[in-house]
Amino acid sequence: MQFVLPELRIASAEIFVLAMTCLILIVDLFVKDKRRTLVYVLTQLTLVGAAATTMAVSTGDISYTFSNMFVSDSMGDTLKLMVYLSVFAVLLYSRTYVLDRPQMAKGEFYVLSLFATLGMMVMVSANHFLTVYIGIELLSLSLYAMVGMNRDSIPSTEASMKYFVLGALASGLLLYGMSMVYGATGTLEISTLSAGLLEGQGNGIILAFGLVFLVSGIAFKLGVVPFHMWIPDVYHGAPTAVTLFIASAPKLAAFAVVIRVLVNGLIVASHDWQIMLLVLSVLSMAVGNFAAVAQTNIKRMLAYSAISHMGFMLLGMATGVIGRDAQFVVNAYSSSMFYVVTYVLSSLGAFGTILLLSRAGFEAEEISDFSGLNKRNSWYAAIMMMMMFSMAGIPFFVGFFAKFSVLQAVVVAGHLWLALAAVFFSLVGAYYYLRVVKVMYFDPPADNTPIKAPGEVKLLMSANGLAVALIGISPNALMILCATSLNDSISFFR
């Protein structure tokens, strides 16, 4: 046997995060500070170091290592940087919330956050079904533990158990789909799978069955209908800091898996999986928006909102048909990438505001808790309003252009009825977003307690709100970044 030493430079960011996570785990044993200040600072420095490492080793070219199981390319580097930024913001927003709750002010919260980040990094760079599965499980197992960190809370424990059981079922579906694809094609390597299918290799019937299970497993990770049943309970039951984590960075990693597996690996079967994505998309927009209207708990409302947004994101994936003009296909997929990035940006601000209003012994979970926020602090009310307007797709916030780019791809693909359905469901969604704005600006305050936040949280919150507004005014730079990174990474364009 000949052992080929892998090129570790390509995976240096993952190695750095793993080493630092293990170091932080050991350091936490000797930290006596109940605030875990050292652990928090080391965690944030790890994310900054990972971002610097990713940029340092990025060449813009496509590179493989670990026997072609791991790939580095423009899309991967872009999404990883966005993951680092999202997790950094989550931990910064969550700092005060965690300190007010002794059961969460532990090193495990930060260590699990880094392990989840590592899982997302592996998912983004996976070029092999086993690597995809390892990344997904590393992320999922970390999230199961984080959801149940508040062991004294029955809703938190219940949410963790539901998430674990349903996640195990979804992992089984994913593994079974991978095994059937392997049986049909004889390979687990995604890039080789694509090349083999283009040459007409593989058993079509077995491949079709495997594709159904693969799409089902991925749909669960995205949280789209009918695999959405865990989303509302987990969003509601988990500590709000953990809900913010789940609602942000993992969406970026799930999008990367969709591109790697379905586009780079199974593009020949695109007509089959695109029909499935269309059905999932329409159902998710319908169920998510109509169910959100009935919610009085803002975390559950945003949970159903997330289902509808992921359905909207799938529209772009379902319209980039192979055989069409290459630029059209890139625009369709990049519109989905742009959508998921802007959704994460808006979600960070929305849940960040919820964390801001929460304090020791009080969770700002009900929509009524936002009553009269404008009178308590007009700036925070304005930021929350921008997040709601962006999610609703109201001009000229970034969410409007995200929806517009997806709808443009759908119309160009010839699915006018689908675009009209998406617009209708967006109008339904505007109702529950505007309801939050109405409560903040027109209802009397239910609580006059001063809103206190550290200076760095105020700065990040302001930057988050301004980003949603300014990118909405000039979205071209982010759109071009998404299109360029995808154009360099999708295999059938090379």
# chains A, B, ... in the order shown; residues from 1 in each chain; ligands from 1
>>> residues_around(residues="A:Phe245", least_positions_apart="6", cutoff="9 Å", atoms="only C-alpha atoms", output="ChimeraX atom specification")
/A:86-87,90-91,113,143,348
>>> residues_around(residues="stretch 399-401 of chain A", least_positions_apart="2", cutoff="8 Å", atoms="only C-alpha atoms", output="NGL selection string")
:A and (339 or 342-343 or 346 or 389-397 or 403-405 or 468 or 472 or 475)
>>> closest_residue(among="A:Leu314, A:Leu92, A:Leu79, A:Ile307", to="A:Leu278", atoms="only C-alpha atoms")
A:Leu314
>>> residues_around(residues="A:Ile24", least_positions_apart="4", cutoff="12 Å", atoms="only C-alpha atoms", output="NGL selection string")
:A and (17-20 or 28-31 or 36-46 or 106-115)
>>> closest_residue(among="A:Gly288, A:Gly135, A:Pro102, A:Gly223", to="A:Leu302", atoms="only C-alpha atoms")
A:Gly288
>>> select_by_dssp(residues="stretch 212-420 of chain A", states="alpha helix (DSSP H)", output="MDAnalysis selection string")
chainID A and resid 212:222 230:237 240:246 249:258 270:293 298:319 326:357 373:376 378:392 398:412 416:420
>>> closest_residue(among="A:Ala219, A:Met121, A:Leu141, A:Ala422", to="A:Ala253", atoms="only C-alpha atoms")
A:Met121
>>> residues_around(residues="A:Ala421", least_positions_apart="4", cutoff="8 Å", atoms="only C-alpha atoms", output="ChimeraX atom specification")
/A:282,417,425
>>> residues_around(residues="A:Gly177", least_positions_apart="3", cutoff="6 Å", atoms="only C-alpha atoms", output="list in words")
Leu174, Met180, Gly210, Phe213 and Leu214 of chain A
>>> write_last_selection(atoms="N, CA, C and O atoms", output="compact mmCIF listing (two decimals), in the first residue's frame")
# COMPACT_ATOMS: atom_id res chain seq x y z
N LEU A 174 -30.75 9.95 4.93
CA LEU A 174 -29.62 10.44 4.15
C LEU A 174 -28.62 9.32 3.86
O LEU A 174 -28.15 9.17 2.73
N MET A 180 -27.75 3.88 -1.73
CA MET A 180 -28.39 3.53 -3.00
C MET A 180 -27.68 4.21 -4.17
O MET A 180 -27.52 3.60 -5.24
N GLY A 210 -32.55 6.39 -4.68
CA GLY A 210 -31.56 7.01 -3.80
C GLY A 210 -31.71 8.51 -3.75
O GLY A 210 -31.53 9.14 -2.70
N PHE A 213 -34.39 9.66 -1.23
CA PHE A 213 -33.94 9.64 0.16
C PHE A 213 -32.92 10.76 0.43
O PHE A 213 -32.92 11.36 1.51
N LEU A 214 -32.07 11.02 -0.54
CA LEU A 214 -31.10 12.11 -0.38
C LEU A 214 -31.81 13.45 -0.22
O LEU A 214 -31.49 14.24 0.69
>>> closest_residue(among="A:Val436, A:Ala269, A:Leu175, A:Val147", to="A:Trp230", atoms="only C-alpha atoms")
A:Val147
>>> closest_residue(among="A:Leu486, A:Ala306, A:Leu357, A:Ile259", to="A:Asn331", atoms="only C-alpha atoms")
A:Leu486
>>> residues_around(residues="stretch 165-167 of chain A", least_positions_apart="6", cutoff="9 Å", atoms="only C-alpha atoms", output="ChimeraX atom specification")
/A:140,144,220-221,229-230
>>> write_last_selection(atoms="N, CA and C atoms", output="CSV table (one decimal), in the first residue's frame")
chain,number,residue,atom,x,y,z
A,140,SER,N,-25.0,18.5,13.8
A,140,SER,CA,-26.3,18.1,14.5
A,140,SER,C,-26.1,17.7,15.9
A,144,TYR,N,-27.9,19.4,19.2
A,144,TYR,CA,-28.7,18.6,20.1
A,144,TYR,C,-28.4,19.0,21.5
A,220,PHE,N,-34.8,17.9,5.5
A,220,PHE,CA,-34.9,17.9,6.9
A,220,PHE,C,-33.9,18.9,7.5
A,221,LYS,N,-32.7,18.9,7.0
A,221,LYS,CA,-31.7,19.8,7.5
A,221,LYS,C,-32.0,21.3,7.1
A,229,MET,N,-41.3,19.5,11.0
A,229,MET,CA,-42.0,19.4,12.3
A,229,MET,C,-41.1,19.8,13.5
A,230,TRP,N,-39.8,19.7,13.3
A,230,TRP,CA,-38.9,20.0,14.5
A,230,TRP,C,-38.7,21.5,14.6
>>> closest_residue(among="A:Gly183, A:Leu427, A:Leu211, A:Gly349", to="A:Ala286", atoms="only C-alpha atoms")
A:Leu427
>>> closest_atom_pairs(of="stretch 255-352 of chain A", to="stretch 360-370 of chain A", cutoff="8 Å", atoms="only C-alpha atoms", output="CSV")
residue,atom,partner,partner_atom,distance
A:Thr296,CA,A:Ile367,CA,5.8
A:Asn297,CA,A:Glu366,CA,4.3
A:Ile298,CA,A:Ile367,CA,5.2
A:Lys299,CA,A:Glu365,CA,6.1
>>> closest_atom_pairs(of="stretch 112-139 of chain A", to="stretch 63-71 of chain A", cutoff="9 Å", atoms="only C-alpha atoms", output="tab-separated table")
residue	atom	partner	partner_atom	distance
A:Val122	CA	A:Phe70	CA	7.9
A:Val124	CA	A:Val71	CA	8.7
A:Ser125	CA	A:Val71	CA	5.1
A:Ala126	CA	A:Phe70	CA	5.1
A:Asn127	CA	A:Met69	CA	4.8
A:His128	CA	A:Met69	CA	4.8
A:Phe129	CA	A:Met69	CA	8.3
A:Leu130	CA	A:Met69	CA	8.1
A:Thr131	CA	A:Met69	CA	6.5
